[in-house]
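Engineer: Quick one: the structure is below, and I'll ask about it shortly.
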Amino acid sequence: MMAESYPLSAWNTPDKKVPLEELLETSEECSSSLDVASVQLPQDIVANPDMINYALEEPFLLKTEVEKCEKFPHLKDAADQQHRDAFFSLQAKIEERSLEESRRESFRRYVGVSTWRGHCSCKVCMVYLMACFMLLLMGVCAVGMVFNIVMGNNLFIPVMPTIVKRPSQPKVVPNTLVQGPTARAPQCPDEDNAHRFDCYPEDLATQEKCEARGCCWRKPNGVPFCYFPPDYPSYSLGEVKSTPLGATAVLTRTNASSPYPKAVNQLTMYLRFETDTRLHLVLNDTASKRFEVPIATPTATGKAASPLYEVEYSHDPFGIVVKRRSNGRVLLNTTVAPLLYADQFLETSTSLPSRNIYGLGEHRGPFRHSTDWVRIPFWARDKPTAEAEEDVTNLYGSHPFYLCVEEDGQAHGVFLLNSNAMEVILQPAPALTWRTIGGILDFHILLGPDPNSVIQQYWDVIGYPMMPPYWALGFHLCRWGYNSANRTMDIVHKMRDAGIPQDTQWNDIDYMTSHLDWTYDGDKFAELPAVVKDLHDHGQHYIMIVDPGISNTQKAGTYPPYDVGLKRGVFINDTDGNPIVGSVWPGDTTFPDFTNPITQQWWLEMAADFHKKVPFDGMWIDMNEPSNFVDGSTHGCPDNELEKPPYTPAVVGGTLAAKTLCASSQQHLSSHYNLHNLYGHFEIIASHNALVSIRGTRPVVISRSTFPSSGRHGGHWLGDNKSSWKDMYYSIPGILNMNMFGIPLVGPDICGFGGETNEELCLRWQQLGAFYPFSRNHNTLGAKAQEPTVWSAATQESIRSALLTRYSLLPHLYFLFHRANKMGEAVARPLFFEYPTDNNTWGVDTQFLWGDSLMVTPVLEQGVTKVTAYFPNDTWYDFYSGRPVVPVGQNVTLDAPQDTINLHLRGGAILVTQQPSTTTTASRKNQFGLVVALNRTLEARGGLFWDDGDSLDTEGKKEFTMIKFFSSRNTISSQVMMSGYPGTKDMSLGSIRVYGVAQKPHTVMANKEAVNYSYVQDSQMLSLNNLTLPLSQPVQAMWA
């Protein structure tokens, strides 16, 4: 939740690039204006008209007015002599302006719009520029001729620069440039825009500043204008020495000066061939210890014997090239741009073998990234849904990992283990730039060669996800604004009366006393303990929200979370050593430092004390970016290099402290500057451990902020979305990204958190939500109710049907989570994970798969009863009827009446189902079923993992049952691999459905006995019903 709103972003704001044509629409004039009244401004800016006037006068400072006009040649004919003088006057004012950079940056990024106004003529601009150039050239020539006459010889001969075309494979020439006032001009080939790497990412780039860095300045129709020349000095590679794991070498800086302070003069490169599919590259300061992310990663014990990769080096300037051994394809090539390594600025770039780039979260937008000059910042931030079509600004979590699908369908991935503020630039070459302001460069390059393998290899590094309790896979219901325990209980009763499945009831912050953690309102929620008892008596569960901010304004001795925490020193401190104070829901608050073991013990004790009063089953941890309603603290932030680094990535708000804590505040392990992106992660760990200690069972922790390896300890919901069709669509890329990031227990707020939903939207979203790995309906304070029981009888029936279908499939979903936990396989997957060589799947993000076989195709548009689905060239069946899908390998239009969500099953799969009830507690007592989908060779396979659904480490204790199922031609059989679950003797198979049986059989047998069956010729489905086959023994079913 965030009590803040943001206006629309516009062209070339630091957070987003929108073509100017979209703003000008059909206008023929190169102009725009700002309506101050339409922009939401903070009070201090509204009270300062000079600041508003300043913003109106300043253009967006990444581009001058001339560049804007040159970028859009179709505007040239809009010459306006009347405004010519005003235009050049404005340019002069820009150069003279010397206001403090942070003030300018903060205002421009808060407003979020281009503030340029006025009219200009590109023809006029170009005439003036050409005139200036000719005058300069004539002056130089005149001086030369005078010199020649005086000296009596021909020393001055003007030479025109040679135009050098870029080679197809970028190369770096030996370093000869010495940067500084006396440096010779860099070698600047006439690069195409796509292959330029930005040399001046800061605002206010000018030719003078650019060339002072030894970089090239060209202003064609595109960006960047200031770019690195191929001979830009960087680091030289010393002797490469072999090590037991790979190689090491020293890199020495060759640049006489650096664009950023405290440049590191000597680096050590560690290259480790850790496995055949994983290469580990580390670049670290040789002389000084730098911050490294405190997350355990695997330690290799020997060098890979048969790696799928080969490595090449460029010595001066340093660069590294990683190729796929099988075909020589370059996967990583850092020679395309120089390596920069200063204390607070680290940058390296690489070419990309294709434009199919996924990951780089957390963001909101399509699953496949655009490579058209997109800048993606990483700095955990509480930010509501933006109005823009795509929002690549920094959101709740930081996941610097990308997966690239190559043109032949092979795939690789790259993970940068770094928790500092950073940004990634994607450009059309295609190429990618990593830019971070701290830590080290710690890369894991993953060779795949297919997408599923890349994800498994990534999870090998960050850890496999936790195994959730079975009940966590049921349906969850919540809202902010129940306002009483009685109202909460009333919702539960209505769900039971309607026969709509529900496993868990939640409460938002309104259950607390004055929004204080570890309290509940003794008036409005006096009956909360009784509510929880009733839920437990009915086999249901309870989860409540907990925010990290702890109030420091309560009377001493009356609020133990603060009193005890202050005494033990559990809070984050400011630079003076006092707890830093921000402002969140309870008012002034302090913030626990979860990197401190003392804090984790304090958190456990607070949770345990509250659990004695309200025996909750899981924890919902929100606002843990951490979020703050003021910038930095109630007293501001110090003026130091951590608050104002030499470069700040394009984060929302323009500063690192915007709506969070001061970067210079101190934590147990390091500064908040280094640990900010890890705040939510460490709170997940503390909450996970507290639940294990208190309940002794598998914990459920759902967190808003996450980091790589958070999935080992909890799940994630996608944050404060809106009740809109667009947000429903974006939820699919959201869950697919988080599954790649190792957090498969994920889902958004069904029907939307903010705004007002409607019956059609909520119905379609509930149908889709029935197939999120984590399924929860939640909305905000003041919005109309949206729980399933508020809608018409027909809508309730459709929602009930979708949720009962989910509950029937929970054994299969549980099996997928087991595979994720043990085998490193994603639960929710894009189609291209299973069909990587089918380029039609690369951009599909309106459909997804459960595992490798169950396809979900929701309705994502208003008022439609048909939906288009892409079916890869394979055998597919309608899940409900068993009817084969024809044709395949193309888009197919499907009926999608309001009571149905389309599900299709891939041939070759066996899904284990169970007769559903309205809770998982009741469902687990019912008979199982099989859905068998034969492939083209009349084969299928599947499995069941079963335990008590709640205990810790059932596999280690061998208290589980594992059964494999096989089908070949006309026979289905099972194999009991393990039978350690005590209830296995009570498990029985009650039904079998077989899809793809071409002819009606004459005889059907199960465990050598004839059974009743039905056959539908139209759909070629064979059904065996009313079975009682014990699953503790091998099962065999045959037909002939």
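For the structure tokens, the naming scheme is as follows: chains receive sequential letters (A, B, ...) according to their order of presentation, residues are indexed from 1 within each chain, and ligands are indexed from 1 in presentation order.
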Please give the complete set of residues from stretch 636-740 of chain A that DSSP, run on the backbone, assigns to alpha helix (DSSP H), formatted as a count of residues only.

Structural biologist: 37

Engineer: Applying 7 Å and only C-alpha atoms, which residues near A:Gln890 remain after dropping the ones on its own chain fewer than 3 positions away? List them as a PyMOL selection string.

Structural biologist: chain A and resi 870-872

Engineer: With all heavy atoms retained, export the selected residues as a PDB file, in the first residue's frame.

Structural biologist:
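The new file out_30.pdb reads:
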ATOM      1  N   TYR A 870      -2.215 -19.893 -29.089  1.00  0.00           N
ATOM      2  CA  TYR A 870      -1.219 -20.521 -29.946  1.00  0.00           C
ATOM      3  C   TYR A 870      -0.948 -21.933 -29.437  1.00  0.00           C
ATOM      4  O   TYR A 870      -0.667 -22.131 -28.256  1.00  0.00           O
ATOM      5  CB  TYR A 870       0.087 -19.732 -29.976  1.00  0.00           C
ATOM      6  CG  TYR A 870       1.113 -20.391 -30.882  1.00  0.00           C
ATOM      7  CD1 TYR A 870       0.977 -20.315 -32.264  1.00  0.00           C
ATOM      8  CD2 TYR A 870       2.172 -21.123 -30.351  1.00  0.00           C
ATOM      9  CE1 TYR A 870       1.889 -20.944 -33.101  1.00  0.00           C
ATOM     10  CE2 TYR A 870       3.090 -21.745 -31.182  1.00  0.00           C
ATOM     11  CZ  TYR A 870       2.941 -21.659 -32.559  1.00  0.00           C
ATOM     12  OH  TYR A 870       3.830 -22.296 -33.384  1.00  0.00           O
ATOM     13  N   PHE A 871      -1.036 -22.906 -30.349  1.00  0.00           N
ATOM     14  CA  PHE A 871      -0.771 -24.304 -30.012  1.00  0.00           C
ATOM     15  C   PHE A 871       0.476 -24.760 -30.760  1.00  0.00           C
ATOM     16  O   PHE A 871       0.452 -24.895 -31.990  1.00  0.00           O
ATOM     17  CB  PHE A 871      -1.952 -25.198 -30.381  1.00  0.00           C
ATOM     18  CG  PHE A 871      -3.142 -25.021 -29.481  1.00  0.00           C
ATOM     19  CD1 PHE A 871      -4.117 -24.082 -29.781  1.00  0.00           C
ATOM     20  CD2 PHE A 871      -3.278 -25.780 -28.335  1.00  0.00           C
ATOM     21  CE1 PHE A 871      -5.212 -23.906 -28.951  1.00  0.00           C
ATOM     22  CE2 PHE A 871      -4.360 -25.614 -27.500  1.00  0.00           C
ATOM     23  CZ  PHE A 871      -5.336 -24.672 -27.804  1.00  0.00           C
ATOM     24  N   PRO A 872       1.583 -24.976 -30.057  1.00  0.00           N
ATOM     25  CA  PRO A 872       2.777 -25.513 -30.718  1.00  0.00           C
ATOM     26  C   PRO A 872       2.472 -26.848 -31.393  1.00  0.00           C
ATOM     27  O   PRO A 872       1.497 -27.536 -31.057  1.00  0.00           O
ATOM     28  CB  PRO A 872       3.764 -25.685 -29.560  1.00  0.00           C
ATOM     29  CG  PRO A 872       3.298 -24.712 -28.531  1.00  0.00           C
ATOM     30  CD  PRO A 872       1.805 -24.698 -28.632  1.00  0.00           C
TER      31      PRO A 872
END

Engineer: Mind checking which residues fall within 6 Å of stretch 250-252 of chain A, counting only C-alpha atoms, ignoring those fewer than 3 positions away in the same chain, and posting them as a ChimeraX atom specification?

Structural biologist: /A:235-238,265-268

Engineer: Atoms to include: C-alpha atoms. Write the selected residues as a PDB file, in the first residue's frame.

Structural biologist:
ATOM      1  CA  TYR A 235      42.335  -1.845 -18.271  1.00  0.00           C
ATOM      2  CA  SER A 236      45.089  -4.013 -19.658  1.00  0.00           C
ATOM      3  CA  LEU A 237      45.194  -7.720 -18.924  1.00  0.00           C
ATOM      4  CA  GLY A 238      48.318  -9.100 -17.303  1.00  0.00           C
ATOM      5  CA  ASN A 265      43.859   1.079 -10.390  1.00  0.00           C
ATOM      6  CA  GLN A 266      44.245  -2.668 -10.212  1.00  0.00           C
ATOM      7  CA  LEU A 267      41.680  -5.443 -10.431  1.00  0.00           C
ATOM      8  CA  THR A 268      41.963  -9.175 -10.018  1.00  0.00           C
TER       9      THR A 268
END

Engineer: Of the residues A:Ile437, A:Leu816, A:Val844, A:Met467, which is the one nearest to A:Gly949, using only C-alpha atoms?

Structural biologist: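 Checking each candidate against A:Gly949, we get A:Met467 as the closest.
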
Engineer: What gap, in Å, lies between atom CA of A:Leu279 and atom CA of A:Ile445?

Structural biologist: 5.1 Å

Engineer: So that I can see what lies close to A:His611, please list as a count of residues only the residues with an atom at most 12 Å from it, counting only C-alpha atoms and leaving out residues fewer than 3 positions away in the same chain.

Structural biologist: 25

Engineer: Hey, can you check how far atom CA of A:Thr875 sits from atom CA of A:Val888?

Structural biologist: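 About the pair atom CA of A:Thr875 and atom CA of A:Val888: they are 7.7 Å apart.
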
Engineer: Enumerate as a list in words all residues of stretch 404-450 of chain A assigned to strand (DSSP E or B) by DSSP on the backbone, naming them with the chain letters and numbers the document uses.

Structural biologist: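 Assigned to strand (DSSP E or B), within stretch 404-450 of chain A: Cys404, Val405, Ala411, His412, Gly413, Val414, Phe415, Leu416, Met422, Glu423, Val424, Ile425, Leu426, Gln427, Ala431, Leu432, Thr433, Trp434, Arg435, Thr436, Leu441, Asp442, Phe443, His444, Ile445 and Leu446 of chain A.
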
Engineer: Give me, as a PDB file with C-alpha atoms, in the first residue's frame, all polymer residues having an atom no more than 9 Å from A:Thr393, counting only C-alpha atoms and skipping those fewer than 3 positions away in the same chain.

Structural biologist:
ATOM      1  CA  ASP A  15      12.812   6.696 -15.967  1.00  0.00           C
ATOM      2  CA  LYS A  16      11.204   6.180 -19.356  1.00  0.00           C
ATOM      3  CA  GLU A 362      11.109  -6.538 -10.858  1.00  0.00           C
ATOM      4  CA  HIS A 363       9.227  -4.520 -13.434  1.00  0.00           C
ATOM      5  CA  ARG A 364       5.787  -4.306 -14.962  1.00  0.00           C
ATOM      6  CA  ARG A 375      16.897   1.629 -19.168  1.00  0.00           C
ATOM      7  CA  ILE A 376      15.872  -0.664 -16.277  1.00  0.00           C
ATOM      8  CA  PRO A 377      16.811   0.492 -12.760  1.00  0.00           C
ATOM      9  CA  PHE A 378      17.207  -1.829  -9.759  1.00  0.00           C
ATOM     10  CA  ALA A 650      17.445   6.340 -12.988  1.00  0.00           C
ATOM     11  CA  VAL A 651      15.484   5.461  -9.865  1.00  0.00           C
ATOM     12  CA  VAL A 652      12.019   6.814  -9.182  1.00  0.00           C
TER      13      VAL A 652
END

Engineer: Give the answer as one residue: which of A:Ala658, A:Val321, A:Val293, A:Met495 has the shortest atom-to-atom distance to A:Thr334, using only C-alpha atoms?

Structural biologist: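 Nearest to A:Thr334: A:Val321.
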
Engineer: Distance atom CA of A:Thr837-atom CA of A:Gln410, one decimal place?

Structural biologist: 7.5 Å

Engineer: For A:Ser1014, find every residue with an atom within 7 Å (counting only C-alpha atoms), except residues of its own chain fewer than 3 positions away, and show them as a PyMOL selection string.

Structural biologist: chain A and resi 1022-1024

Engineer: Go ahead and write the residues just picked, all heavy atoms, as a short mmCIF file (atom, residue, chain, number, x, y, z; two decimals), in the first residue's frame.

Structural biologist:
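Saved result, again-v5.cif, follows:
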data_model
loop_
_atom_site.label_atom_id
_atom_site.label_comp_id
_atom_site.auth_asym_id
_atom_site.auth_seq_id
_atom_site.Cartn_x
_atom_site.Cartn_y
_atom_site.Cartn_z
N LEU A 1022 -11.86 -42.17 -23.21
CA LEU A 1022 -12.24 -43.36 -22.47
C LEU A 1022 -12.26 -43.02 -20.99
O LEU A 1022 -11.29 -42.46 -20.47
CB LEU A 1022 -11.26 -44.49 -22.74
CG LEU A 1022 -11.40 -45.76 -21.90
CD1 LEU A 1022 -12.71 -46.48 -22.22
CD2 LEU A 1022 -10.20 -46.70 -22.13
N SER A 1023 -13.34 -43.36 -20.29
CA SER A 1023 -13.46 -43.05 -18.86
C SER A 1023 -13.71 -44.32 -18.07
O SER A 1023 -14.58 -45.12 -18.42
CB SER A 1023 -14.62 -42.07 -18.61
OG SER A 1023 -14.38 -40.84 -19.25
N LEU A 1024 -12.93 -44.50 -17.00
CA LEU A 1024 -13.13 -45.58 -16.05
C LEU A 1024 -13.54 -44.94 -14.73
O LEU A 1024 -12.78 -44.17 -14.14
CB LEU A 1024 -11.84 -46.39 -15.86
CG LEU A 1024 -11.34 -47.30 -16.99
CD1 LEU A 1024 -10.88 -46.48 -18.19
CD2 LEU A 1024 -10.19 -48.17 -16.49
#

Engineer: Taking 6 positions as the minimum chain separation for residues in the same chain, which residues sit within 12 Å of A:Asn193 when counting only C-alpha atoms? Answer as a list in words.

Structural biologist: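 The residues satisfying every condition are Arg166, Trp217, Arg218, Lys219, Pro220, Asn221, Gly222, Val223, Pro224, Phe225, Cys226, Tyr227, Phe228, Asp372, Trp373, Gln427, Pro428, Ala429, Pro430 and Ala431 of chain A.
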
Engineer: Those selected residues, please, written with N, CA, C and O atoms and delivered as an mmCIF file, in the first residue's frame.

Structural biologist:
data_model
loop_
_atom_site.group_PDB
_atom_site.id
_atom_site.type_symbol
_atom_site.label_atom_id
_atom_site.label_comp_id
_atom_site.auth_asym_id
_atom_site.auth_seq_id
_atom_site.Cartn_x
_atom_site.Cartn_y
_atom_site.Cartn_z
ATOM 1 N N ARG A 166 32.019 0.612 -39.028
ATOM 2 C CA ARG A 166 32.142 -0.329 -37.913
ATOM 3 C C ARG A 166 32.265 -1.745 -38.452
ATOM 4 O O ARG A 166 31.516 -2.155 -39.331
ATOM 5 N N TRP A 217 31.486 12.676 -30.015
ATOM 6 C CA TRP A 217 30.235 13.444 -29.977
ATOM 7 C C TRP A 217 29.676 13.524 -31.402
ATOM 8 O O TRP A 217 30.265 14.112 -32.293
ATOM 9 N N ARG A 218 28.577 12.885 -31.614
ATOM 10 C CA ARG A 218 27.871 12.956 -32.890
ATOM 11 C C ARG A 218 26.395 13.077 -32.578
ATOM 12 O O ARG A 218 25.891 12.461 -31.648
ATOM 13 N N LYS A 219 25.687 13.835 -33.401
ATOM 14 C CA LYS A 219 24.278 14.073 -33.129
ATOM 15 C C LYS A 219 23.406 13.685 -34.334
ATOM 16 O O LYS A 219 22.825 14.537 -34.988
ATOM 17 N N PRO A 220 23.317 12.410 -34.619
ATOM 18 C CA PRO A 220 22.382 11.963 -35.655
ATOM 19 C C PRO A 220 21.001 11.777 -35.032
ATOM 20 O O PRO A 220 20.747 12.191 -33.914
ATOM 21 N N ASN A 221 20.129 11.115 -35.761
ATOM 22 C CA ASN A 221 18.775 10.883 -35.245
ATOM 23 C C ASN A 221 18.775 9.700 -34.300
ATOM 24 O O ASN A 221 18.350 8.612 -34.647
ATOM 25 N N GLY A 222 19.257 9.884 -33.122
ATOM 26 C CA GLY A 222 19.256 8.783 -32.162
ATOM 27 C C GLY A 222 20.119 9.101 -30.963
ATOM 28 O O GLY A 222 20.662 10.186 -30.844
ATOM 29 N N VAL A 223 20.215 8.149 -30.060
ATOM 30 C CA VAL A 223 20.995 8.317 -28.843
ATOM 31 C C VAL A 223 21.950 7.139 -28.749
ATOM 32 O O VAL A 223 21.691 6.079 -29.310
ATOM 33 N N PRO A 224 23.053 7.244 -28.002
ATOM 34 C CA PRO A 224 23.532 8.441 -27.314
ATOM 35 C C PRO A 224 24.333 9.347 -28.241
ATOM 36 O O PRO A 224 24.882 8.888 -29.229
ATOM 37 N N PHE A 225 24.407 10.616 -27.883
ATOM 38 C CA PHE A 225 25.218 11.554 -28.648
ATOM 39 C C PHE A 225 26.687 11.439 -28.264
ATOM 40 O O PHE A 225 27.567 11.668 -29.078
ATOM 41 N N CYS A 226 26.920 11.125 -26.994
ATOM 42 C CA CYS A 226 28.285 10.981 -26.488
ATOM 43 C C CYS A 226 28.568 9.500 -26.302
ATOM 44 O O CYS A 226 27.902 8.841 -25.503
ATOM 45 N N TYR A 227 29.544 8.968 -27.045
ATOM 46 C CA TYR A 227 29.763 7.527 -26.996
ATOM 47 C C TYR A 227 31.258 7.218 -26.991
ATOM 48 O O TYR A 227 32.096 8.033 -27.378
ATOM 49 N N PHE A 228 31.560 6.000 -26.520
ATOM 50 C CA PHE A 228 32.950 5.588 -26.404
ATOM 51 C C PHE A 228 33.558 5.337 -27.784
ATOM 52 O O PHE A 228 32.950 4.665 -28.620
ATOM 53 N N ASP A 372 15.027 -1.486 -27.460
ATOM 54 C CA ASP A 372 15.074 -0.189 -28.125
ATOM 55 C C ASP A 372 15.422 0.903 -27.113
ATOM 56 O O ASP A 372 14.586 1.707 -26.712
ATOM 57 N N TRP A 373 16.670 0.884 -26.651
ATOM 58 C CA TRP A 373 17.182 1.882 -25.710
ATOM 59 C C TRP A 373 16.325 1.947 -24.458
ATOM 60 O O TRP A 373 15.769 2.986 -24.105
ATOM 61 N N GLN A 427 19.972 -2.062 -25.775
ATOM 62 C CA GLN A 427 20.016 -1.260 -26.992
ATOM 63 C C GLN A 427 19.913 -2.155 -28.216
ATOM 64 O O GLN A 427 20.132 -3.368 -28.149
ATOM 65 N N PRO A 428 19.581 -1.548 -29.371
ATOM 66 C CA PRO A 428 19.163 -2.350 -30.531
ATOM 67 C C PRO A 428 20.249 -3.183 -31.183
ATOM 68 O O PRO A 428 19.936 -3.975 -32.076
ATOM 69 N N ALA A 429 21.510 -3.049 -30.809
ATOM 70 C CA ALA A 429 22.600 -3.719 -31.531
ATOM 71 C C ALA A 429 22.355 -5.193 -31.875
ATOM 72 O O ALA A 429 22.649 -5.582 -33.000
ATOM 73 N N PRO A 430 21.904 -6.096 -31.010
ATOM 74 C CA PRO A 430 21.498 -5.874 -29.619
ATOM 75 C C PRO A 430 22.694 -5.954 -28.679
ATOM 76 O O PRO A 430 23.662 -6.663 -28.942
ATOM 77 N N ALA A 431 22.572 -5.223 -27.587
ATOM 78 C CA ALA A 431 23.630 -5.206 -26.588
ATOM 79 C C ALA A 431 23.035 -4.811 -25.247
ATOM 80 O O ALA A 431 21.901 -4.319 -25.175
#

Engineer: With distances taken over only C-alpha atoms, which residue among A:Pro244, A:Pro916, A:Gly328, A:Gly680 lies nearest A:Ser703?

Structural biologist: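 Looking only at the distances to A:Ser703, the closest residue turns out to be A:Gly680.
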
Engineer: Between A:Thr697, A:Thr350, A:Asn628, A:Ser514, which residue has the minimum interatomic distance to A:Val414, considering only C-alpha atoms?

Structural biologist: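 Among the listed residues, A:Thr350 lies closest to A:Val414.
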